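Heads up, entry_26.tsv below (TSV, N, CA, C and O atoms):
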```tsv
chain	number	residue	atom	x	y	z
A	2	MET	N	9.50	-20.93	17.21
A	2	MET	CA	9.45	-20.17	15.96
A	2	MET	C	8.05	-20.21	15.35
A	2	MET	O	7.67	-19.32	14.63
A	3	GLY	N	7.27	-21.25	15.68
A	3	GLY	CA	5.93	-21.39	15.11
A	3	GLY	C	5.05	-20.18	15.37
A	3	GLY	O	4.36	-19.71	14.50
A	4	ASN	N	5.06	-19.70	16.62
A	4	ASN	CA	4.25	-18.53	16.95
A	4	ASN	C	4.73	-17.30	16.20
A	4	ASN	O	3.93	-16.48	15.78
A	5	ASN	N	6.05	-17.17	16.04
A	5	ASN	CA	6.59	-16.03	15.29
A	5	ASN	C	6.15	-16.10	13.84
A	5	ASN	O	5.80	-15.08	13.25
A	6	LEU	N	6.16	-17.29	13.25
A	6	LEU	CA	5.75	-17.45	11.86
A	6	LEU	C	4.28	-17.10	11.70
A	6	LEU	O	3.89	-16.40	10.75
A	7	GLU	N	3.46	-17.53	12.64
A	7	GLU	CA	2.03	-17.21	12.60
A	7	GLU	C	1.82	-15.70	12.72
A	7	GLU	O	0.99	-15.13	12.01
A	8	ALA	N	2.57	-15.08	13.60
A	8	ALA	CA	2.45	-13.62	13.78
A	8	ALA	C	2.88	-12.89	12.52
A	8	ALA	O	2.23	-11.93	12.09
A	9	ILE	N	3.98	-13.35	11.92
A	9	ILE	CA	4.46	-12.72	10.68
A	9	ILE	C	3.41	-12.85	9.59
A	9	ILE	O	3.11	-11.89	8.87
A	10	GLU	N	2.84	-14.04	9.45
A	10	GLU	CA	1.81	-14.25	8.42
A	10	GLU	C	0.59	-13.38	8.69
A	10	GLU	O	0.00	-12.83	7.77
A	11	ARG	N	0.21	-13.25	9.96
A	11	ARG	CA	-0.94	-12.41	10.31
A	11	ARG	C	-0.65	-10.95	9.97
A	11	ARG	O	-1.49	-10.25	9.38
A	12	HIS	N	0.55	-10.49	10.30
A	12	HIS	CA	0.92	-9.10	9.98
A	12	HIS	C	0.99	-8.90	8.47
A	12	HIS	O	0.61	-7.84	7.97
A	13	GLN	N	1.46	-9.90	7.76
A	13	GLN	CA	1.54	-9.82	6.30
A	13	GLN	C	0.14	-9.64	5.71
A	13	GLN	O	-0.07	-8.80	4.85
A	14	GLU	N	-0.81	-10.42	6.19
A	14	GLU	CA	-2.19	-10.30	5.71
A	14	GLU	C	-2.78	-8.94	6.07
A	14	GLU	O	-3.50	-8.33	5.26
A	15	THR	N	-2.46	-8.45	7.26
A	15	THR	CA	-2.95	-7.14	7.67
A	15	THR	C	-2.40	-6.05	6.75
A	15	THR	O	-3.15	-5.16	6.32
A	16	LEU	N	-1.12	-6.12	6.45
A	16	LEU	CA	-0.51	-5.12	5.57
A	16	LEU	C	-1.10	-5.18	4.16
A	16	LEU	O	-1.31	-4.15	3.52
A	17	LYS	N	-1.38	-6.38	3.68
A	17	LYS	CA	-2.01	-6.52	2.36
A	17	LYS	C	-3.40	-5.87	2.36
A	17	LYS	O	-3.78	-5.18	1.41
A	18	THR	N	-4.15	-6.10	3.44
A	18	THR	CA	-5.49	-5.51	3.55
A	18	THR	C	-5.41	-4.00	3.60
A	18	THR	O	-6.17	-3.30	2.92
A	19	ILE	N	-4.49	-3.48	4.39
A	19	ILE	CA	-4.32	-2.02	4.50
A	19	ILE	C	-3.94	-1.44	3.14
A	19	ILE	O	-4.48	-0.41	2.72
A	20	SER	N	-3.02	-2.08	2.45
A	20	SER	CA	-2.58	-1.60	1.14
A	20	SER	C	-3.75	-1.56	0.16
A	20	SER	O	-3.91	-0.59	-0.59
A	21	ALA	N	-4.57	-2.60	0.16
A	21	ALA	CA	-5.73	-2.63	-0.73
A	21	ALA	C	-6.71	-1.52	-0.39
A	21	ALA	O	-7.27	-0.86	-1.29
A	22	LYS	N	-6.92	-1.27	0.90
A	22	LYS	CA	-7.83	-0.20	1.32
A	22	LYS	C	-7.30	1.17	0.94
A	22	LYS	O	-8.06	2.04	0.51
A	23	VAL	N	-6.01	1.36	1.10
A	23	VAL	CA	-5.40	2.64	0.72
A	23	VAL	C	-5.58	2.88	-0.77
A	23	VAL	O	-5.94	3.97	-1.21
A	24	ASN	N	-5.36	1.84	-1.56
A	24	ASN	CA	-5.53	1.98	-3.01
A	24	ASN	C	-6.98	2.30	-3.36
A	24	ASN	O	-7.26	3.17	-4.19
A	25	TYR	N	-7.92	1.63	-2.72
A	25	TYR	CA	-9.34	1.90	-2.95
A	25	TYR	C	-9.69	3.34	-2.58
A	25	TYR	O	-10.38	4.04	-3.34
A	26	MET	N	-9.19	3.79	-1.43
A	26	MET	CA	-9.45	5.16	-1.00
A	26	MET	C	-8.82	6.17	-1.95
A	26	MET	O	-9.39	7.22	-2.22
A	27	ARG	N	-7.64	5.83	-2.48
A	27	ARG	CA	-6.98	6.71	-3.46
A	27	ARG	C	-7.89	6.91	-4.67
A	27	ARG	O	-8.07	8.02	-5.15
A	28	LEU	N	-8.48	5.82	-5.13
A	28	LEU	CA	-9.38	5.91	-6.28
A	28	LEU	C	-10.63	6.74	-5.95
A	28	LEU	O	-11.10	7.50	-6.80
A	29	GLU	N	-11.14	6.59	-4.73
A	29	GLU	CA	-12.30	7.38	-4.32
A	29	GLU	C	-11.96	8.87	-4.28
A	29	GLU	O	-12.74	9.70	-4.76
A	30	VAL	N	-10.81	9.20	-3.72
A	30	VAL	CA	-10.41	10.61	-3.64
A	30	VAL	C	-10.18	11.17	-5.04
A	30	VAL	O	-10.57	12.30	-5.34
A	31	GLU	N	-9.59	10.36	-5.90
A	31	GLU	CA	-9.38	10.80	-7.29
A	31	GLU	C	-10.72	11.12	-7.95
A	31	GLU	O	-10.85	12.14	-8.63
A	32	ALA	N	-11.70	10.27	-7.74
A	32	ALA	CA	-13.03	10.51	-8.32
A	32	ALA	C	-13.65	11.79	-7.77
A	32	ALA	O	-14.26	12.57	-8.52
A	33	ILE	N	-13.47	12.04	-6.48
A	33	ILE	CA	-14.00	13.26	-5.87
A	33	ILE	C	-13.31	14.49	-6.46
A	33	ILE	O	-13.96	15.49	-6.77
A	34	LYS	N	-11.99	14.40	-6.63
A	34	LYS	CA	-11.24	15.52	-7.21
A	34	LYS	C	-11.70	15.79	-8.64
A	34	LYS	O	-11.87	16.95	-9.04
A	35	LEU	N	-11.90	14.72	-9.41
A	35	LEU	CA	-12.38	14.89	-10.78
A	35	LEU	C	-13.77	15.52	-10.81
A	35	LEU	O	-14.04	16.43	-11.60
A	36	ALA	N	-14.65	15.04	-9.94
A	36	ALA	CA	-16.01	15.58	-9.88
A	36	ALA	C	-16.01	17.05	-9.45
A	36	ALA	O	-16.90	17.81	-9.86
A	37	ALA	N	-15.02	17.44	-8.66
A	37	ALA	CA	-14.93	18.83	-8.19
A	37	ALA	C	-14.30	19.74	-9.24
A	37	ALA	O	-14.16	20.94	-9.03
A	38	GLY	N	-13.89	19.15	-10.37
A	38	GLY	CA	-13.33	19.95	-11.45
A	38	GLY	C	-11.86	20.29	-11.28
A	38	GLY	O	-11.37	21.23	-11.90
A	39	LYS	N	-11.17	19.53	-10.44
A	39	LYS	CA	-9.73	19.77	-10.27
A	39	LYS	C	-9.00	19.51	-11.58
A	39	LYS	O	-9.40	18.70	-12.40
A	40	ASP	N	-7.90	20.20	-11.74
A	40	ASP	CA	-7.06	20.08	-12.93
A	40	ASP	C	-6.49	18.66	-13.02
A	40	ASP	O	-5.98	18.12	-12.03
A	41	ALA	N	-6.56	18.07	-14.21
A	41	ALA	CA	-6.08	16.70	-14.41
A	41	ALA	C	-4.59	16.57	-14.10
A	41	ALA	O	-4.16	15.56	-13.54
A	42	THR	N	-3.82	17.59	-14.41
A	42	THR	CA	-2.39	17.55	-14.13
A	42	THR	C	-2.14	17.51	-12.63
A	42	THR	O	-1.27	16.77	-12.14
A	43	GLU	N	-2.90	18.29	-11.89
A	43	GLU	CA	-2.79	18.31	-10.43
A	43	GLU	C	-3.16	16.93	-9.85
A	43	GLU	O	-2.48	16.42	-8.95
A	44	ILE	N	-4.20	16.32	-10.38
A	44	ILE	CA	-4.63	15.00	-9.91
A	44	ILE	C	-3.57	13.96	-10.23
A	44	ILE	O	-3.26	13.10	-9.39
A	45	GLU	N	-3.00	14.04	-11.42
A	45	GLU	CA	-1.95	13.08	-11.80
A	45	GLU	C	-0.73	13.21	-10.89
A	45	GLU	O	-0.14	12.20	-10.49
A	46	ALA	N	-0.37	14.44	-10.53
A	46	ALA	CA	0.77	14.66	-9.64
A	46	ALA	C	0.47	14.09	-8.25
A	46	ALA	O	1.32	13.43	-7.64
A	47	TRP	N	-0.73	14.32	-7.76
A	47	TRP	CA	-1.14	13.78	-6.46
A	47	TRP	C	-1.12	12.26	-6.50
A	47	TRP	O	-0.60	11.60	-5.60
A	48	ASN	N	-1.68	11.71	-7.57
A	48	ASN	CA	-1.74	10.26	-7.74
A	48	ASN	C	-0.33	9.66	-7.77
A	48	ASN	O	-0.08	8.62	-7.16
A	49	ALA	N	0.58	10.30	-8.47
A	49	ALA	CA	1.96	9.81	-8.56
A	49	ALA	C	2.62	9.83	-7.17
A	49	ALA	O	3.36	8.91	-6.82
A	50	SER	N	2.31	10.86	-6.39
A	50	SER	CA	2.85	10.95	-5.04
A	50	SER	C	2.34	9.80	-4.16
A	50	SER	O	3.11	9.18	-3.43
A	51	VAL	N	1.06	9.52	-4.25
A	51	VAL	CA	0.49	8.42	-3.47
A	51	VAL	C	1.07	7.09	-3.94
A	51	VAL	O	1.46	6.25	-3.13
A	52	ASP	N	1.16	6.91	-5.25
A	52	ASP	CA	1.74	5.68	-5.80
A	52	ASP	C	3.18	5.47	-5.34
A	52	ASP	O	3.59	4.36	-5.01
A	53	GLU	N	3.93	6.55	-5.29
A	53	GLU	CA	5.32	6.47	-4.85
A	53	GLU	C	5.40	6.01	-3.40
A	53	GLU	O	6.22	5.16	-3.05
A	54	LYS	N	4.53	6.54	-2.56
A	54	LYS	CA	4.51	6.15	-1.15
A	54	LYS	C	4.09	4.69	-0.99
A	54	LYS	O	4.65	3.95	-0.17
A	55	LEU	N	3.12	4.26	-1.78
A	55	LEU	CA	2.71	2.85	-1.74
A	55	LEU	C	3.85	1.95	-2.19
A	55	LEU	O	4.08	0.89	-1.61
A	56	GLN	N	4.57	2.37	-3.22
A	56	GLN	CA	5.71	1.58	-3.70
A	56	GLN	C	6.80	1.50	-2.64
A	56	GLN	O	7.41	0.45	-2.45
A	57	GLN	N	7.05	2.60	-1.96
A	57	GLN	CA	8.05	2.60	-0.88
A	57	GLN	C	7.63	1.62	0.22
A	57	GLN	O	8.47	0.87	0.74
A	58	ALA	N	6.37	1.61	0.56
A	58	ALA	CA	5.87	0.69	1.59
A	58	ALA	C	6.03	-0.76	1.11
A	58	ALA	O	6.45	-1.63	1.88
A	59	ASP	N	5.69	-1.02	-0.15
A	59	ASP	CA	5.85	-2.36	-0.71
A	59	ASP	C	7.31	-2.81	-0.67
A	59	ASP	O	7.61	-3.95	-0.31
A	60	ASN	N	8.20	-1.91	-1.04
A	60	ASN	CA	9.63	-2.24	-1.04
A	60	ASN	C	10.13	-2.54	0.37
A	60	ASN	O	10.89	-3.49	0.58
A	61	THR	N	9.70	-1.74	1.32
A	61	THR	CA	10.10	-1.96	2.71
A	61	THR	C	9.60	-3.31	3.20
A	61	THR	O	10.33	-4.07	3.82
A	62	PHE	N	8.36	-3.62	2.87
A	62	PHE	CA	7.78	-4.89	3.27
A	62	PHE	C	8.53	-6.06	2.64
A	62	PHE	O	8.85	-7.05	3.32
A	63	CYS	N	8.85	-5.96	1.37
A	63	CYS	CA	9.62	-7.02	0.70
A	63	CYS	C	11.00	-7.18	1.34
A	63	CYS	O	11.47	-8.32	1.52
A	64	ASN	N	11.64	-6.08	1.68
A	64	ASN	CA	12.95	-6.16	2.35
A	64	ASN	C	12.84	-6.87	3.69
A	64	ASN	O	13.72	-7.66	4.05
A	65	ILE	N	11.79	-6.58	4.43
A	65	ILE	CA	11.59	-7.25	5.72
A	65	ILE	C	11.42	-8.75	5.50
A	65	ILE	O	12.03	-9.57	6.19
A	66	LEU	N	10.60	-9.12	4.52
A	66	LEU	CA	10.38	-10.54	4.25
A	66	LEU	C	11.68	-11.24	3.84
A	66	LEU	O	11.95	-12.37	4.26
A	67	LEU	N	12.48	-10.56	3.04
A	67	LEU	CA	13.75	-11.15	2.63
A	67	LEU	C	14.69	-11.35	3.82
A	67	LEU	O	15.38	-12.36	3.92
A	68	LYS	N	14.68	-10.40	4.74
A	68	LYS	CA	15.56	-10.49	5.91
A	68	LYS	C	15.16	-11.61	6.86
A	68	LYS	O	15.99	-12.20	7.52
A	69	ILE	N	13.85	-11.90	6.91
A	69	ILE	CA	13.41	-12.97	7.81
A	69	ILE	C	13.32	-14.31	7.09
A	69	ILE	O	12.97	-15.32	7.69
A	70	GLY	N	13.65	-14.29	5.79
A	70	GLY	CA	13.69	-15.54	5.04
A	70	GLY	C	12.35	-16.03	4.54
A	70	GLY	O	12.18	-17.19	4.24
A	71	SER	N	11.39	-15.12	4.41
A	71	SER	CA	10.09	-15.47	3.87
A	71	SER	C	10.02	-15.00	2.43
A	71	SER	O	10.75	-14.13	2.00
A	72	LYS	N	9.10	-15.58	1.67
A	72	LYS	CA	8.92	-15.18	0.27
A	72	LYS	C	7.93	-14.04	0.20
A	72	LYS	O	6.87	-14.10	0.82
A	73	PRO	N	8.25	-12.98	-0.59
A	73	PRO	CA	7.30	-11.85	-0.75
A	73	PRO	C	6.07	-12.26	-1.53
A	73	PRO	O	6.04	-13.19	-2.22
```
Would you mind writing the structure in this file as C-alpha cells?
Amino acid sequence: MGNNLEAIERHQETLKTISAKVNYMRLEVEAIKLAAGKDATEIEAWNASVDEKLQQADNTFCNILLKIGSKP
C-alpha cells in the first residue's frame, strides 16, 4: 500500500499544481479580454463558466479522496 499512497500523494500534488496554473491562466485571459475591450458581462459569464468547471474538478477530486480514505 505504501507505493499506492505515494502515488496518490504525487497525483494529488500534480492536480493542485494544474489547478493553480489553470486559475492563473484564467486571470491572464480575463486581463486580455478586458484589454481588448470585451463586454464586462460577457467576461463575467465566461469567468463563471470556468469557475464552474474548476469547482466540478475540485468536487470530483474530493470524492476520489473520500473513497480512498484520504483527507481532502
Legend entry - 8 Å contact set for stretch 20-30 of chain A, all atoms listed in the file, chain neighbours under 4 positions out, as a count of residues only: 12
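From atom O of A:Trp47 back to atom O of A:His12, the distance works out to 23.7 Å.
As for atom C of A:Ile9 and atom N of A:Leu66, they are spaced 9.6 Å apart.
Going from atom CA of A:Ile69 to atom O of A:Gln57 covers 16.3 Å.
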Pull stretch 8-45 of chain A out of the block and emit N, CA, C and O atoms, as a short mmCIF file (atom, residue, chain, number, x, y, z; two decimals), in the first residue's frame.
```cif
data_model
loop_
_atom_site.label_atom_id
_atom_site.label_comp_id
_atom_site.auth_asym_id
_atom_site.auth_seq_id
_atom_site.Cartn_x
_atom_site.Cartn_y
_atom_site.Cartn_z
N ALA A 8 1.98 7.28 -4.67
CA ALA A 8 1.45 7.65 -6.00
C ALA A 8 0.26 8.57 -5.86
O ALA A 8 0.13 9.56 -6.59
N ILE A 9 -0.63 8.26 -4.92
CA ILE A 9 -1.80 9.11 -4.69
C ILE A 9 -1.38 10.50 -4.28
O ILE A 9 -1.88 11.51 -4.79
N GLU A 10 -0.42 10.59 -3.36
CA GLU A 10 0.06 11.90 -2.91
C GLU A 10 0.71 12.66 -4.06
O GLU A 10 0.53 13.87 -4.19
N ARG A 11 1.46 11.96 -4.90
CA ARG A 11 2.10 12.61 -6.05
C ARG A 11 1.04 13.14 -7.02
O ARG A 11 1.13 14.27 -7.50
N HIS A 12 0.02 12.32 -7.28
CA HIS A 12 -1.05 12.76 -8.18
C HIS A 12 -1.82 13.93 -7.57
O HIS A 12 -2.23 14.85 -8.28
N GLN A 13 -2.00 13.90 -6.27
CA GLN A 13 -2.70 14.98 -5.57
C GLN A 13 -1.93 16.30 -5.76
O GLN A 13 -2.52 17.33 -6.07
N GLU A 14 -0.62 16.25 -5.58
CA GLU A 14 0.19 17.46 -5.77
C GLU A 14 0.16 17.93 -7.22
O GLU A 14 0.10 19.13 -7.49
N THR A 15 0.16 16.99 -8.15
CA THR A 15 0.09 17.34 -9.57
C THR A 15 -1.23 18.05 -9.87
O THR A 15 -1.25 19.07 -10.57
N LEU A 16 -2.32 17.51 -9.35
CA LEU A 16 -3.63 18.13 -9.59
C LEU A 16 -3.72 19.52 -8.96
O LEU A 16 -4.30 20.43 -9.54
N LYS A 17 -3.12 19.69 -7.79
CA LYS A 17 -3.10 21.02 -7.16
C LYS A 17 -2.33 22.01 -8.03
O LYS A 17 -2.75 23.15 -8.21
N THR A 18 -1.20 21.56 -8.57
CA THR A 18 -0.39 22.42 -9.43
C THR A 18 -1.14 22.79 -10.69
O THR A 18 -1.16 23.96 -11.10
N ILE A 19 -1.79 21.81 -11.30
CA ILE A 19 -2.56 22.07 -12.52
C ILE A 19 -3.70 23.05 -12.23
O ILE A 19 -3.93 23.99 -12.99
N SER A 20 -4.39 22.85 -11.12
CA SER A 20 -5.49 23.74 -10.75
C SER A 20 -5.01 25.17 -10.57
O SER A 20 -5.64 26.12 -11.03
N ALA A 21 -3.87 25.33 -9.90
CA ALA A 21 -3.32 26.67 -9.70
C ALA A 21 -2.94 27.31 -11.04
O ALA A 21 -3.18 28.51 -11.26
N LYS A 22 -2.37 26.53 -11.94
CA LYS A 22 -1.99 27.05 -13.26
C LYS A 22 -3.22 27.44 -14.07
O LYS A 22 -3.21 28.47 -14.76
N VAL A 23 -4.25 26.63 -14.01
CA VAL A 23 -5.49 26.94 -14.73
C VAL A 23 -6.07 28.26 -14.21
O VAL A 23 -6.48 29.12 -14.98
N ASN A 24 -6.07 28.42 -12.90
CA ASN A 24 -6.60 29.66 -12.32
C ASN A 24 -5.76 30.86 -12.75
O ASN A 24 -6.29 31.91 -13.12
N TYR A 25 -4.44 30.72 -12.75
CA TYR A 25 -3.56 31.80 -13.19
C TYR A 25 -3.82 32.14 -14.66
O TYR A 25 -3.93 33.32 -15.02
N MET A 26 -3.96 31.12 -15.50
CA MET A 26 -4.22 31.34 -16.91
C MET A 26 -5.58 32.00 -17.11
O MET A 26 -5.75 32.85 -17.99
N ARG A 27 -6.56 31.63 -16.28
CA ARG A 27 -7.89 32.24 -16.36
C ARG A 27 -7.77 33.75 -16.13
O ARG A 27 -8.35 34.55 -16.84
N LEU A 28 -6.98 34.12 -15.14
CA LEU A 28 -6.79 35.54 -14.84
C LEU A 28 -6.08 36.26 -15.99
O LEU A 28 -6.42 37.40 -16.31
N GLU A 29 -5.11 35.58 -16.61
CA GLU A 29 -4.42 36.18 -17.75
C GLU A 29 -5.37 36.40 -18.92
O GLU A 29 -5.35 37.45 -19.55
N VAL A 30 -6.19 35.40 -19.21
CA VAL A 30 -7.15 35.52 -20.32
C VAL A 30 -8.16 36.63 -20.02
O VAL A 30 -8.51 37.41 -20.89
N GLU A 31 -8.59 36.69 -18.77
CA GLU A 31 -9.52 37.75 -18.38
C GLU A 31 -8.90 39.13 -18.63
O GLU A 31 -9.57 40.03 -19.16
N ALA A 32 -7.65 39.29 -18.26
CA ALA A 32 -6.96 40.57 -18.48
C ALA A 32 -6.87 40.89 -19.97
O ALA A 32 -7.06 42.04 -20.39
N ILE A 33 -6.60 39.88 -20.79
CA ILE A 33 -6.52 40.09 -22.24
C ILE A 33 -7.88 40.50 -22.79
O ILE A 33 -7.97 41.41 -23.62
N LYS A 34 -8.94 39.84 -22.32
CA LYS A 34 -10.28 40.18 -22.77
C LYS A 34 -10.64 41.61 -22.38
O LYS A 34 -11.22 42.36 -23.18
N LEU A 35 -10.29 42.00 -21.16
CA LEU A 35 -10.56 43.37 -20.71
C LEU A 35 -9.78 44.37 -21.56
O LEU A 35 -10.33 45.40 -21.97
N ALA A 36 -8.51 44.08 -21.81
CA ALA A 36 -7.68 44.99 -22.61
C ALA A 36 -8.20 45.10 -24.04
O ALA A 36 -8.05 46.15 -24.68
N ALA A 37 -8.84 44.04 -24.53
CA ALA A 37 -9.38 44.04 -25.90
C ALA A 37 -10.73 44.74 -25.97
O ALA A 37 -11.32 44.86 -27.04
N GLY A 38 -11.23 45.19 -24.81
CA GLY A 38 -12.49 45.92 -24.79
C GLY A 38 -13.72 45.04 -24.81
O GLY A 38 -14.82 45.51 -25.16
N LYS A 39 -13.57 43.78 -24.43
CA LYS A 39 -14.73 42.89 -24.38
C LYS A 39 -15.71 43.39 -23.32
O LYS A 39 -15.35 44.00 -22.34
N ASP A 40 -16.97 43.07 -23.55
CA ASP A 40 -18.04 43.46 -22.65
C ASP A 40 -17.86 42.77 -21.29
O ASP A 40 -17.59 41.57 -21.22
N ALA A 41 -18.00 43.54 -20.22
CA ALA A 41 -17.81 43.01 -18.87
C ALA A 41 -18.78 41.87 -18.56
O ALA A 41 -18.41 40.89 -17.91
N THR A 42 -19.99 41.97 -19.06
CA THR A 42 -20.98 40.91 -18.83
C THR A 42 -20.54 39.62 -19.50
O THR A 42 -20.67 38.53 -18.92
N GLU A 43 -20.01 39.73 -20.71
CA GLU A 43 -19.51 38.56 -21.43
C GLU A 43 -18.33 37.92 -20.67
O GLU A 43 -18.25 36.70 -20.54
N ILE A 44 -17.44 38.75 -20.14
CA ILE A 44 -16.29 38.25 -19.39
C ILE A 44 -16.76 37.57 -18.11
O ILE A 44 -16.25 36.50 -17.75
N GLU A 45 -17.72 38.16 -17.44
CA GLU A 45 -18.24 37.56 -16.21
C GLU A 45 -18.88 36.20 -16.48
O GLU A 45 -18.70 35.26 -15.71
#
```
